[in-house]
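Colleague: Dropping a structure here in structure tokens format, bear with me for questions.
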Amino acid sequence: MITKRIIPCLDVKDGRVVKGVNFEKLKEVASPVELAKYYSANGADELVFYDITASAEGRSLFTDVLKRTAAEVFIPLTVGGGIRELADFERVLSCGADKVSVNSGAIANPDLIKAAAQRYGDQCVVISADVKRVDGKFHVFAKGGREDTGMEAVSWIVRCVREGAGEVVVNSMDTDGVKNGFDLELLDAVCRAVDVPVIASGGAGSQEHFVELFKKLPAVDAGLAASVFHFGEIAIPDLKRTLQKENIVVRI
Amino acid sequence: MIAIVDYGVGNLYSLQCSLKRVGAEAVVTADEKTLSNASKILLPGVGAFADAVAKLKEKGLDELLKEQAKTGKYIMGICLGMQMLFDESHEYGVHQGLGLIKGKVVPMRGLIDERLKVPHIGWNGLRFPRPHFLFKDVKEGDCAYFVHSYFATDCDESVIAATEYDKLLTAAVAKENILGCQFHPEKSGEVGLKILKAFCEV
């Protein structure tokens, strides 16, 4: 049986992890390499590095971090942030990334997904969508959630999958940061519309939220979160034991 | 020295790093002499079957690999690299493989439960129909990381590991010195490193 994946997401700026990270055993809390090693040794099934750097120097610090991480961490690594053209795919894939997630880059240039899928394979291209309800409809937002594109989210995601995206990250802006559970309504709508793996993001506040996610929506493949893992509110080995007790198949 | 075949496909950096981690020296190369002198050969690969075979042929590496196979040298294919070891693949038409292992590669869609997702992406448990040195330090049920939409079939006599995704899919094969893993050992955490170590040390 394929297992449900638990994925921590690290925001990286100028080569350092931002958003506070609080682990007793970890001294270098701002080092993406150390944090990645920690998570890999503690049950994470995959890691997402999100580059929120704006400058060119920051970009090269990021690829340096990526290379050092890939040299020490042997689980799948997805990279997102600032992916606008094929050269960006090349840049991160050559440094050890396995998958590349696109968001605003695909909105600005919808041909990007197709071109990347043809060159690197569908398995390599992840569409990440920031979604928020506007007048009762799901809208896709661009630029880190600052800009409403006006596009309906589910049809946008379906289109990206048709173009060749092999996986979907659905980030609900309505539930993100609220810690009141994943956006089951949105996730259900996406799962019904696509047949590629779906990763849920936004809203995890407790272990029970992951149980609820996988029990109510068996079509969801993975749960992604940041702060609840970084602040030690949920330890991944504990979470996996809880899921296992609830008969949800995980990698222990 | 282990040679990783470089024919312009896939993330070779991670594979090279994982070999270094298990104490092996590895070189990424397309050079005939380096490949011939290597103690073992790893054939990686992601993307489409026909493209990958065409790229191997462009560099004359298909014939070289067949010759090297005859010398008794261990050659291990990974993911698409494993699929290329077979007689043929039915990925967008019928394409010839290297023919080093009997069997063919077919699409999952239509052959497994339609509710299951394709590609088969994620961590799935390994089962061992027969013992093999590659898995000497790995337990039944240990998980490996898979990413694929096609799988090898009609190769029962070579299957050394399988994984359950509706039906049992070929996860690893061996025929004498020719080995293949459908999953990515370089991305399968400690379990993957144990498998690579077993390969490097045999």
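Each chain in the structure tokens gets a letter, A, B and so on, in the order shown; residues start at 1 in every chain, and ligands are counted from 1 in the order they appear.
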Could the residues of chain B within 9 Å of chain A, counting only C-alpha atoms, be given as an MDAnalysis selection string, please?
Modeller: chainID B and resid 9:14 16:18 20:21 46:48 115:125 142:143 145 147:148 163:166 185:190 192:193
Colleague: Could you name the residues that touch Val134 in chain A at 12 Å or less, counting only C-alpha atoms, but leaving out those on the same chain fewer than 6 positions away, as a ChimeraX atom specification?
Modeller: /A:140-141,148-153,173-174
Colleague: Counting only C-alpha atoms, what is within 12 Å of Cys181 in chain B, bar same-chain residues fewer than 3 positions away, as a PyMOL selection string?
Modeller: chain B and resi 42-45+75-85+126+134-135+144-148+151-152+158-163+169-174+178+184-186+188+192+195-196+199
Colleague: Deliver the residues from the most recent selection as a file, using C-alpha atoms, as an mmCIF file, in the first residue's frame.
Modeller:
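Written file, out.cif:
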data_model
loop_
_atom_site.group_PDB
_atom_site.id
_atom_site.type_symbol
_atom_site.label_atom_id
_atom_site.label_comp_id
_atom_site.auth_asym_id
_atom_site.auth_seq_id
_atom_site.Cartn_x
_atom_site.Cartn_y
_atom_site.Cartn_z
ATOM 1 C CA LEU B 42 24.723 2.519 -12.727
ATOM 2 C CA LEU B 43 22.204 3.473 -15.394
ATOM 3 C CA PRO B 44 19.859 6.198 -14.074
ATOM 4 C CA GLY B 45 16.962 7.807 -15.902
ATOM 5 C CA ILE B 75 25.106 -3.103 -14.085
ATOM 6 C CA MET B 76 22.143 -1.633 -12.221
ATOM 7 C CA GLY B 77 19.386 0.435 -13.792
ATOM 8 C CA ILE B 78 17.344 2.851 -11.707
ATOM 9 C CA CYS B 79 13.743 3.849 -12.493
ATOM 10 C CA LEU B 80 13.654 4.477 -16.265
ATOM 11 C CA GLY B 81 17.185 3.053 -16.308
ATOM 12 C CA MET B 82 15.717 -0.247 -15.067
ATOM 13 C CA GLN B 83 12.941 -0.135 -17.641
ATOM 14 C CA MET B 84 15.503 0.249 -20.432
ATOM 15 C CA LEU B 85 17.090 -3.093 -19.477
ATOM 16 C CA LEU B 126 8.861 -3.755 -0.526
ATOM 17 C CA LEU B 134 20.722 -6.172 -2.713
ATOM 18 C CA PHE B 135 18.190 -6.446 0.112
ATOM 19 C CA ALA B 144 11.145 2.890 -0.888
ATOM 20 C CA TYR B 145 10.322 5.989 -2.938
ATOM 21 C CA PHE B 146 8.621 5.392 -6.285
ATOM 22 C CA VAL B 147 7.773 7.734 -9.153
ATOM 23 C CA HIS B 148 6.500 5.994 -12.286
ATOM 24 C CA PHE B 151 5.892 -0.984 -14.880
ATOM 25 C CA ALA B 152 7.782 -4.100 -15.931
ATOM 26 C CA SER B 158 13.774 -12.005 -12.554
ATOM 27 C CA VAL B 159 11.644 -10.251 -9.911
ATOM 28 C CA ILE B 160 13.515 -9.854 -6.609
ATOM 29 C CA ALA B 161 11.219 -7.198 -5.088
ATOM 30 C CA ALA B 162 7.612 -6.181 -5.627
ATOM 31 C CA THR B 163 5.337 -3.463 -4.273
ATOM 32 C CA LEU B 169 4.165 -4.356 -9.348
ATOM 33 C CA THR B 170 7.785 -5.142 -10.170
ATOM 34 C CA ALA B 171 9.989 -3.119 -7.809
ATOM 35 C CA ALA B 172 13.376 -4.710 -8.535
ATOM 36 C CA VAL B 173 14.811 -7.310 -10.893
ATOM 37 C CA ALA B 174 18.002 -9.314 -11.204
ATOM 38 C CA ILE B 178 22.142 -7.288 -14.436
ATOM 39 C CA HIS B 184 14.858 5.519 -6.388
ATOM 40 C CA PRO B 185 17.333 4.126 -3.824
ATOM 41 C CA GLU B 186 19.091 7.516 -3.744
ATOM 42 C CA SER B 188 14.668 6.275 -0.215
ATOM 43 C CA GLY B 192 17.836 3.217 -0.021
ATOM 44 C CA ILE B 195 20.506 -1.057 -0.888
ATOM 45 C CA LEU B 196 23.146 1.102 -2.585
ATOM 46 C CA PHE B 199 25.367 -2.962 -4.519
#
Colleague: Fewer than 2 positions away in the same chain doesn't count, so skip those; otherwise give me all residues within 7 Å of range 200-215 of chain A, counting only C-alpha atoms, as a count of residues only.
Modeller: 26
Colleague: Can you list, as a VMD selection string, all residues belonging to range 15-232 of chain A that DSSP tags as strand (DSSP E)?
Modeller: chain A and resid 16 to 17 47 to 51 77 to 80 99 to 102 125 to 134 137 to 142 147 to 152 167 to 172 198 to 201 222 to 225
Colleague: Please return, as an NGL selection string, all residues of range 38-208 of chain A that DSSP assigns to helix (DSSP H, G or I) on the basis of the backbone.
Modeller: :A and (38-41 or 56-70 or 86-93 or 104-108 or 111-120 or 122-124 or 153-163 or 184-193 or 207-208)
Colleague: For the residues selected in the previous step, produce a file with C-alpha atoms as a JSON list (two decimals), in the first residue's frame.
Modeller:
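That gives us out25.json:
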[["chain", "number", "residue", "atom", "x", "y", "z"],
["A", 38, "TYR", "CA", 16.79, 16.85, 11.35],
["A", 39, "TYR", "CA", 13.49, 16.33, 9.54],
["A", 40, "SER", "CA", 14.86, 13.55, 7.36],
["A", 41, "ALA", "CA", 16.08, 11.68, 10.47],
["A", 56, "ALA", "CA", 20.33, 37.60, -7.33],
["A", 57, "GLU", "CA", 22.83, 37.05, -4.49],
["A", 58, "GLY", "CA", 20.07, 35.45, -2.46],
["A", 59, "ARG", "CA", 19.35, 33.12, -5.38],
["A", 60, "SER", "CA", 22.90, 31.86, -5.49],
["A", 61, "LEU", "CA", 22.91, 31.40, -1.71],
["A", 62, "PHE", "CA", 19.76, 29.35, -2.17],
["A", 63, "THR", "CA", 21.23, 27.03, -4.80],
["A", 64, "ASP", "CA", 24.29, 26.61, -2.61],
["A", 65, "VAL", "CA", 22.04, 25.56, 0.29],
["A", 66, "LEU", "CA", 20.21, 23.20, -2.03],
["A", 67, "LYS", "CA", 23.42, 21.52, -3.14],
["A", 68, "ARG", "CA", 24.63, 21.06, 0.41],
["A", 69, "THR", "CA", 21.25, 19.66, 1.44],
["A", 70, "ALA", "CA", 21.06, 17.21, -1.46],
["A", 86, "LEU", "CA", 12.87, 26.78, -17.95],
["A", 87, "ALA", "CA", 16.27, 28.09, -16.86],
["A", 88, "ASP", "CA", 14.94, 28.20, -13.28],
["A", 89, "PHE", "CA", 14.02, 24.51, -13.49],
["A", 90, "GLU", "CA", 17.50, 23.72, -14.76],
["A", 91, "ARG", "CA", 19.11, 25.81, -12.02],
["A", 92, "VAL", "CA", 17.45, 23.95, -9.14],
["A", 93, "LEU", "CA", 17.34, 20.47, -10.72],
["A", 104, "SER", "CA", 2.94, 32.75, -10.10],
["A", 105, "GLY", "CA", 5.33, 31.68, -12.87],
["A", 106, "ALA", "CA", 2.64, 29.46, -14.39],
["A", 107, "ILE", "CA", 0.00, 32.17, -14.03],
["A", 108, "ALA", "CA", 2.19, 34.68, -15.87],
["A", 111, "ASP", "CA", 3.12, 27.49, -21.39],
["A", 112, "LEU", "CA", 5.79, 27.01, -18.71],
["A", 113, "ILE", "CA", 4.21, 23.83, -17.32],
["A", 114, "LYS", "CA", 3.96, 22.15, -20.70],
["A", 115, "ALA", "CA", 7.51, 23.07, -21.66],
["A", 116, "ALA", "CA", 8.90, 21.87, -18.33],
["A", 117, "ALA", "CA", 6.88, 18.62, -18.38],
["A", 118, "GLN", "CA", 8.13, 17.85, -21.88],
["A", 119, "ARG", "CA", 11.73, 18.45, -20.96],
["A", 120, "TYR", "CA", 11.90, 16.98, -17.45],
["A", 122, "ASP", "CA", 5.47, 15.19, -15.56],
["A", 123, "GLN", "CA", 6.77, 13.77, -12.29],
["A", 124, "CYS", "CA", 9.05, 16.76, -11.97],
["A", 153, "ALA", "CA", -9.20, 27.72, -8.83],
["A", 154, "VAL", "CA", -10.37, 24.20, -9.63],
["A", 155, "SER", "CA", -10.54, 24.79, -13.38],
["A", 156, "TRP", "CA", -7.10, 26.43, -13.23],
["A", 157, "ILE", "CA", -5.65, 23.38, -11.48],
["A", 158, "VAL", "CA", -7.32, 21.02, -13.99],
["A", 159, "ARG", "CA", -5.80, 23.03, -16.81],
["A", 160, "CYS", "CA", -2.32, 22.82, -15.24],
["A", 161, "VAL", "CA", -2.64, 19.05, -14.84],
["A", 162, "ARG", "CA", -3.68, 18.75, -18.49],
["A", 163, "GLU", "CA", -0.59, 20.73, -19.44],
["A", 184, "LEU", "CA", -11.68, 19.98, 3.29],
["A", 185, "GLU", "CA", -14.26, 21.58, 1.02],
["A", 186, "LEU", "CA", -11.62, 22.97, -1.34],
["A", 187, "LEU", "CA", -9.50, 19.81, -1.23],
["A", 188, "ASP", "CA", -12.51, 17.62, -1.99],
["A", 189, "ALA", "CA", -13.33, 19.76, -5.02],
["A", 190, "VAL", "CA", -9.75, 19.45, -6.32],
["A", 191, "CYS", "CA", -9.52, 15.69, -5.67],
["A", 192, "ARG", "CA", -12.72, 15.10, -7.62],
["A", 193, "ALA", "CA", -11.35, 17.07, -10.57],
["A", 207, "GLN", "CA", -2.44, 15.78, 14.89],
["A", 208, "GLU", "CA", -6.21, 15.33, 14.73]]
Colleague: If I take CA of Asn42 in chain A and CA of Val125 in chain A, how far is one from the other in Å, to one decimal?
Modeller: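 For CA of Asn42 in chain A relative to CA of Val125 in chain A, the distance reads 26.3 Å.
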Colleague: Provide the CA of Ile41 in chain B to CA of Gln96 in chain B distance in Å, to one decimal place.
Modeller: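 Value for the CA of Ile41 in chain B-CA of Gln96 in chain B distance: 20.8 Å.
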Colleague: When you draw a straight line from CA of Lys66 in chain B to CA of Pro131 in chain B, how long is it in Å?
Modeller: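 Between these atoms lies a distance of 26.0 Å.
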Colleague: Could you pull the residues within 10 Å of Asp137 in chain B, counting only C-alpha atoms, minus those fewer than 5 positions along the same chain, as a PyMOL selection string?
Modeller: chain B and resi 191+194-195+197-198
Colleague: Please, could you write that set of residues out with C-alpha atoms as a short mmCIF file (atom, residue, chain, number, x, y, z; two decimals), in the first residue's frame?
Modeller:
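Done, and the output landed in again_7.cif:
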data_model
loop_
_atom_site.label_atom_id
_atom_site.label_comp_id
_atom_site.auth_asym_id
_atom_site.auth_seq_id
_atom_site.Cartn_x
_atom_site.Cartn_y
_atom_site.Cartn_z
CA VAL B 191 16.62 1.96 3.34
CA LYS B 194 21.48 0.19 2.56
CA ILE B 195 20.51 -1.06 -0.89
CA LYS B 197 25.73 -0.04 -0.07
CA ALA B 198 24.92 -3.69 -0.83
#
